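**Student:** For reference, this is data.cif, and it has mmCIF, C-alpha atoms.
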```cif
data_coords
#
loop_
_atom_site.label_atom_id
_atom_site.label_comp_id
_atom_site.auth_asym_id
_atom_site.auth_seq_id
_atom_site.Cartn_x
_atom_site.Cartn_y
_atom_site.Cartn_z
CA MET A 20 117.86 125.25 129.59
CA LEU A 21 115.05 127.42 128.27
CA THR A 22 113.45 129.29 131.14
CA LEU A 23 110.26 131.30 130.98
CA ASN A 24 112.32 134.41 131.82
CA LYS A 25 114.54 133.87 128.75
CA LEU A 26 111.51 133.32 126.57
CA VAL A 27 109.79 136.52 127.73
CA ILE A 28 113.02 138.47 127.16
CA ALA A 29 113.16 137.09 123.60
CA ILE A 30 109.53 138.12 122.99
CA GLU A 31 110.19 141.60 124.40
CA SER A 32 113.26 141.97 122.20
CA TYR A 33 111.25 141.00 119.12
CA ALA A 34 108.31 143.28 119.96
CA SER A 35 110.63 146.24 120.61
CA ALA A 36 112.51 145.73 117.33
CA HIS A 37 109.49 145.19 115.05
CA LYS A 38 108.69 148.48 113.33
CA GLN A 39 104.90 147.96 113.30
CA ILE A 40 104.37 146.78 116.87
CA LYS A 41 103.73 149.82 119.08
CA SER A 42 103.19 148.09 122.43
CA TRP A 43 103.42 144.67 123.92
CA PHE A 44 102.31 142.93 127.06
CA PHE A 45 102.93 139.51 128.61
CA GLY A 46 100.55 138.01 131.12
CA ASP A 47 96.84 138.44 131.70
CA PRO A 48 95.88 141.12 129.16
CA TRP A 49 92.21 141.49 129.98
CA ASP A 50 92.64 144.47 132.33
CA GLU A 51 95.01 146.03 129.83
CA LEU A 52 92.57 145.65 126.92
CA ASN A 53 89.44 146.57 128.84
CA GLY A 54 90.27 150.17 129.58
CA GLY A 55 93.34 149.68 131.76
CA GLN A 56 96.49 151.37 130.58
CA SER A 57 97.01 153.57 127.56
CA ILE A 58 97.75 151.21 124.68
CA HIS A 59 99.38 152.08 121.40
CA TYR A 60 98.32 149.90 118.46
CA PRO A 61 99.15 147.57 116.81
CA MET A 62 99.80 145.56 119.94
CA LEU A 63 101.31 142.16 120.55
CA PHE A 64 100.51 140.34 123.73
CA GLY A 65 101.31 136.87 124.91
CA THR A 66 99.63 134.64 127.43
CA LEU A 67 100.94 131.46 128.95
CA GLN A 68 98.95 128.37 127.95
CA PRO A 69 99.05 124.92 129.54
CA ASN A 70 102.55 123.55 129.21
CA ARG A 71 103.46 119.90 129.02
CA ILE A 72 106.26 117.44 129.46
CA SER A 73 106.23 114.99 126.57
CA GLY A 74 108.85 112.27 126.77
CA THR A 75 112.14 114.16 126.73
CA SER A 76 110.61 117.51 125.76
CA ASP A 77 109.55 120.41 127.93
CA VAL A 78 106.94 122.23 125.82
CA THR A 79 106.19 125.84 126.74
CA VAL A 80 103.15 127.20 124.93
CA ILE A 81 102.61 130.92 124.41
CA ARG A 82 99.43 132.25 122.81
CA PHE A 83 100.24 135.37 120.81
CA TYR A 84 97.62 137.99 120.02
CA ILE A 85 98.29 140.64 117.39
CA CYS A 86 95.61 143.32 117.30
CA ASP A 87 94.90 146.81 116.10
CA LYS A 88 92.09 149.24 116.71
CA SER A 89 89.12 149.09 114.35
CA LYS A 90 87.26 152.23 113.39
CA LYS A 91 83.62 152.57 114.38
CA GLY A 92 81.46 150.44 112.13
CA LEU A 93 84.51 148.29 111.30
CA ARG A 94 85.19 150.35 108.16
CA ASN A 95 88.85 149.33 108.24
CA GLN A 96 88.39 145.75 109.43
CA LEU A 97 89.87 144.13 106.31
CA GLU A 98 92.90 146.43 106.44
CA VAL A 99 93.45 145.71 110.14
CA LEU A 100 93.15 141.96 109.65
CA SER A 101 95.51 142.04 106.68
CA ASP A 102 98.17 144.07 108.49
CA CYS A 103 97.89 142.01 111.68
CA LYS A 104 98.15 138.76 109.75
CA GLN A 105 101.43 139.93 108.27
CA ILE A 106 102.74 140.69 111.76
CA CYS A 107 101.66 137.16 112.80
CA LEU A 108 103.67 135.70 109.93
CA ASP A 109 106.64 137.91 110.84
CA THR A 110 106.43 136.60 114.42
CA LEU A 111 106.40 132.98 113.31
CA ILE A 112 109.39 133.53 111.00
CA TYR A 113 111.30 135.35 113.74
CA PHE A 114 110.94 132.62 116.32
CA MET A 115 111.59 129.86 113.79
CA GLN A 116 114.93 131.56 113.03
CA TYR A 117 115.77 132.81 116.56
CA ASP A 118 118.91 131.36 118.15
CA PHE A 119 118.15 130.51 121.76
CA SER A 120 121.69 129.11 122.27
CA GLU A 121 119.92 125.91 123.24
CA LEU A 122 118.33 123.17 121.18
CA ILE A 123 114.79 124.50 120.80
CA LYS A 124 112.21 123.28 118.33
CA ILE A 125 109.27 125.46 117.29
CA ASN A 126 106.03 124.03 115.93
CA SER A 127 105.75 124.67 112.19
CA GLU A 128 102.01 123.99 111.93
CA VAL A 129 100.12 126.91 113.42
CA THR A 130 96.46 127.89 113.23
CA LEU A 131 95.74 131.62 113.00
CA THR A 132 92.31 132.52 114.39
CA ASP A 133 90.82 135.93 113.67
CA PHE A 134 88.75 138.06 116.01
CA VAL A 135 86.90 141.33 115.47
CA ASP A 136 85.20 143.93 117.63
CA ALA A 137 86.88 142.49 120.72
CA PHE A 138 87.37 144.01 124.15
CA ASN A 139 86.40 147.56 125.14
CA ASP A 140 88.88 149.01 122.66
CA GLU A 141 87.06 147.32 119.74
CA VAL A 142 90.18 145.74 118.31
CA ALA A 143 90.55 143.19 115.56
CA GLY A 144 93.37 140.81 114.82
CA TRP A 145 94.58 137.25 115.14
CA TYR A 146 95.78 134.84 117.78
CA PHE A 147 97.91 131.71 117.52
CA ASP A 148 99.99 129.41 119.70
CA ILE A 149 103.71 128.83 119.42
CA GLU A 150 105.09 125.74 121.12
CA PHE A 151 108.69 126.11 122.27
CA SER A 152 110.00 122.59 122.76
CA ALA A 153 113.25 122.20 124.73
CA ILE A 154 115.09 119.09 125.82
CA PHE A 155 113.99 117.81 129.21
CA GLU A 156 116.26 115.31 130.90
CA TRP A 157 114.79 113.21 133.64
CA ASP A 158 118.01 113.71 135.59
CA ALA A 159 117.86 113.66 139.38
CA CYS A 160 121.34 115.21 139.48
CA SER A 161 119.89 118.50 138.25
CA ILE A 162 117.60 118.85 141.28
CA PRO A 163 119.02 121.36 143.82
CA ILE A 164 118.78 119.08 146.87
CA THR A 165 121.28 117.59 149.27
CA ASN A 166 121.08 114.21 150.97
CA PRO A 167 117.93 112.89 149.26
CA THR A 168 115.93 110.42 151.29
CA THR A 169 115.66 106.92 149.92
CA ILE A 170 112.17 105.52 149.79
#
```
Let's see the structure in the file written out as structure tokens.
**Tutor:**
Amino acid sequence: MLTLNKLVIAIESYASAHKQIKSWFFGDPWDELNGGQSIHYPMLFGTLQPNRISGTSDVTVIRFYICDKSKKGLRNQLEVLSDCKQICLDTLIYFMQYDFSELIKINSEVTLTDFVDAFNDEVAGWYFDIEFSAIFEWDACSIPITNPTTI
């Protein structure tokens, strides 16, 4: 079973191994990007999006942001967007090929949305959602309860 803990460990492993990503964060990044901690760029961060149960699938959705610092006046904006887009593509390839040791399906149609001059750090980059779809069995035997009450 794919748990959120396993998924975050997989993201951390990827971010640590990628030679261009200098820092990563999972959770609510707004404090981090608005003058919180010292950040090294380019940065990858992930936020949990609404998840869903669809038939026999448990779909966990993570929004990935890849960003880098823009120079004043956005003189390097095109370079930052180009580099960050490549990291986005790397991320998609990685998770499409990643072996979770479980039957996981990743969405292959993804929309990359750019942003510029964002947050206090004036970063630019892209964000996109990856849907991690795992088998969900509607199996009462998997519930950790004893002596269930009959209605």
**Student:** Translate the PyMOL selection byres ((chain A and resi 132-145) around 6) into a concrete residue list for this structure, as a PyMOL selection string.
**Tutor:** chain A and resi 53+84-89+100+103+131+146
**Student:** Mind checking which residues fall within 12 Å of Thr130 (chain A), counting all atoms listed in the file, ignoring those fewer than 3 positions away in the same chain, and posting them as a list in words?
**Tutor:**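 Final neighbour list, sorted by chain and number: Arg82, Phe83, Lys104, Cys107, Leu108, Leu111, Asn126, Ser127, Asp133, Trp145, Tyr146, Phe147, Asp148, Ile149 and Glu150 of chain A.
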**Student:** What lies within 10 Å of Ile72 (chain A) using all atoms listed in the file, ignoring chain neighbours under 4 positions off, as a list of chain:residue names?
**Tutor:**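 In the requested format, the answer is A:Ser76, A:Asp77, A:Val78, A:Thr79, A:Ser152, A:Ala153, A:Ile154, A:Phe155.
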**Student:** Give me the residues within 10 Å of region 30-34 of chain A as a PyMOL selection string, counting only C-alpha atoms and dropping any in the same chain fewer than 4 places off.
**Tutor:** chain A and resi 24-26+38-45+62-65+83+109-110+113-114+117
**Student:** Once you have the residues from the selection above, write them out as a PDB file, in the coordinates of the input, restricted to C-alpha atoms.
**Tutor:**
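Everything below was put into out.pdb:
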```pdb
ATOM      1  CA  ASN A  24     112.320 134.410 131.820  1.00  0.00           C
ATOM      2  CA  LYS A  25     114.540 133.870 128.750  1.00  0.00           C
ATOM      3  CA  LEU A  26     111.510 133.320 126.570  1.00  0.00           C
ATOM      4  CA  LYS A  38     108.690 148.480 113.330  1.00  0.00           C
ATOM      5  CA  GLN A  39     104.900 147.960 113.300  1.00  0.00           C
ATOM      6  CA  ILE A  40     104.370 146.780 116.870  1.00  0.00           C
ATOM      7  CA  LYS A  41     103.730 149.820 119.080  1.00  0.00           C
ATOM      8  CA  SER A  42     103.190 148.090 122.430  1.00  0.00           C
ATOM      9  CA  TRP A  43     103.420 144.670 123.920  1.00  0.00           C
ATOM     10  CA  PHE A  44     102.310 142.930 127.060  1.00  0.00           C
ATOM     11  CA  PHE A  45     102.930 139.510 128.610  1.00  0.00           C
ATOM     12  CA  MET A  62      99.800 145.560 119.940  1.00  0.00           C
ATOM     13  CA  LEU A  63     101.310 142.160 120.550  1.00  0.00           C
ATOM     14  CA  PHE A  64     100.510 140.340 123.730  1.00  0.00           C
ATOM     15  CA  GLY A  65     101.310 136.870 124.910  1.00  0.00           C
ATOM     16  CA  PHE A  83     100.240 135.370 120.810  1.00  0.00           C
ATOM     17  CA  ASP A 109     106.640 137.910 110.840  1.00  0.00           C
ATOM     18  CA  THR A 110     106.430 136.600 114.420  1.00  0.00           C
ATOM     19  CA  TYR A 113     111.300 135.350 113.740  1.00  0.00           C
ATOM     20  CA  PHE A 114     110.940 132.620 116.320  1.00  0.00           C
ATOM     21  CA  TYR A 117     115.770 132.810 116.560  1.00  0.00           C
TER      22      TYR A 117
END
```
**Student:** What is the distance between CA of Ile123 (chain A) and CA of Phe151 (chain A), in Å to one decimal?
**Tutor:** 6.5 Å
**Student:** So how far away is CA of Phe119 (chain A) from CA of Ile28 (chain A), in Å?
**Tutor:**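 Between these atoms lies a distance of 10.9 Å.
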**Student:** Just the number, please: distance in Å from CA of Val99 (chain A) to CA of Asp47 (chain A), one decimal.
**Tutor:**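 For CA of Val99 (chain A) relative to CA of Asp47 (chain A), the distance reads 23.0 Å.
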**Student:** Between A:Asn166, A:Gln105, A:Gln116, A:Thr66, single out the one closest to His37 (chain A), counting only C-alpha atoms.
**Tutor:**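 Selected residue with least distance to His37 (chain A): A:Gln105.
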**Student:** Can you spell out as a list in words the set of residues that the PyMOL selection byres ((chain A and resi 68) around 6) selects in the structure I just provided?
**Tutor:**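 When the PyMOL selection byres ((chain A and resi 68) around 6) is applied to the shown file, the picked residues are Leu67, Pro69, Val80 and Ile81 of chain A.
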**Student:** When distances are computed from all atoms listed in the file, which of A:Asp102, A:Glu121, A:Asp158, A:Thr165 shows the smallest separation from Tyr60 (chain A)?
**Tutor:**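 Counting all atoms listed in the file, the residue closest to Tyr60 (chain A) is A:Asp102.
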**Student:** Under the rule that only C-alpha atoms are counted, which of A:Ser101, A:Trp157, A:Leu122, A:Leu23 is the nearest residue to Asn70 (chain A)?
**Tutor:**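 Of A:Ser101, A:Trp157, A:Leu122, A:Leu23, the one nearest Asn70 (chain A) is A:Leu23, counting only C-alpha atoms.
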**Student:** Ranking A:Asp118, A:Arg94, A:Ile162, A:Glu156 by minimum distance to Gly74 (chain A) and counting only C-alpha atoms, which one comes first?
**Tutor:** A:Glu156
**Student:** Complete region 67-87 of chain A with N, CA and C atoms (output as a CSV table (one decimal), in the coordinates of the input).
**Tutor:**
```
chain,number,residue,atom,x,y,z
A,67,LEU,N,100.5,132.8,128.7
A,67,LEU,CA,100.9,131.5,129.0
A,67,LEU,C,99.8,130.5,128.8
A,68,GLN,N,100.0,129.4,128.1
A,68,GLN,CA,99.0,128.4,128.0
A,68,GLN,C,99.4,127.1,128.7
A,69,PRO,N,98.6,126.1,128.9
A,69,PRO,CA,99.0,124.9,129.5
A,69,PRO,C,100.3,124.4,128.9
A,70,ASN,N,101.3,124.1,129.7
A,70,ASN,CA,102.6,123.6,129.2
A,70,ASN,C,102.5,122.1,129.5
A,71,ARG,N,103.4,121.3,128.8
A,71,ARG,CA,103.5,119.9,129.0
A,71,ARG,C,104.9,119.4,128.9
A,72,ILE,N,105.1,118.2,129.6
A,72,ILE,CA,106.3,117.4,129.5
A,72,ILE,C,105.9,116.3,128.6
A,73,SER,N,106.6,116.1,127.5
A,73,SER,CA,106.2,115.0,126.6
A,73,SER,C,107.5,114.2,126.3
A,74,GLY,N,107.6,113.1,126.9
A,74,GLY,CA,108.8,112.3,126.8
A,74,GLY,C,110.1,113.0,127.3
A,75,THR,N,110.9,113.4,126.4
A,75,THR,CA,112.1,114.2,126.7
A,75,THR,C,112.0,115.6,126.3
A,76,SER,N,110.8,116.1,126.2
A,76,SER,CA,110.6,117.5,125.8
A,76,SER,C,109.8,118.3,126.8
A,77,ASP,N,110.3,119.5,127.1
A,77,ASP,CA,109.6,120.4,127.9
A,77,ASP,C,108.9,121.4,127.0
A,78,VAL,N,107.6,121.4,126.8
A,78,VAL,CA,106.9,122.2,125.8
A,78,VAL,C,106.3,123.4,126.5
A,79,THR,N,106.8,124.6,126.2
A,79,THR,CA,106.2,125.8,126.7
A,79,THR,C,105.3,126.4,125.6
A,80,VAL,N,104.1,126.7,125.9
A,80,VAL,CA,103.2,127.2,124.9
A,80,VAL,C,102.8,128.6,125.3
A,81,ILE,N,103.0,129.5,124.3
A,81,ILE,CA,102.6,130.9,124.4
A,81,ILE,C,101.6,131.2,123.3
A,82,ARG,N,100.4,131.8,123.8
A,82,ARG,CA,99.4,132.2,122.8
A,82,ARG,C,99.7,133.7,122.5
A,83,PHE,N,100.0,134.0,121.3
A,83,PHE,CA,100.2,135.4,120.8
A,83,PHE,C,99.0,136.0,120.2
A,84,TYR,N,98.7,137.2,120.6
A,84,TYR,CA,97.6,138.0,120.0
A,84,TYR,C,98.2,139.2,119.3
A,85,ILE,N,97.9,139.4,118.1
A,85,ILE,CA,98.3,140.6,117.4
A,85,ILE,C,97.0,141.4,117.1
A,86,CYS,N,96.9,142.6,117.5
A,86,CYS,CA,95.6,143.3,117.3
A,86,CYS,C,95.9,144.8,117.0
A,87,ASP,N,94.9,145.4,116.4
A,87,ASP,CA,94.9,146.8,116.1
A,87,ASP,C,93.5,147.3,116.3
```
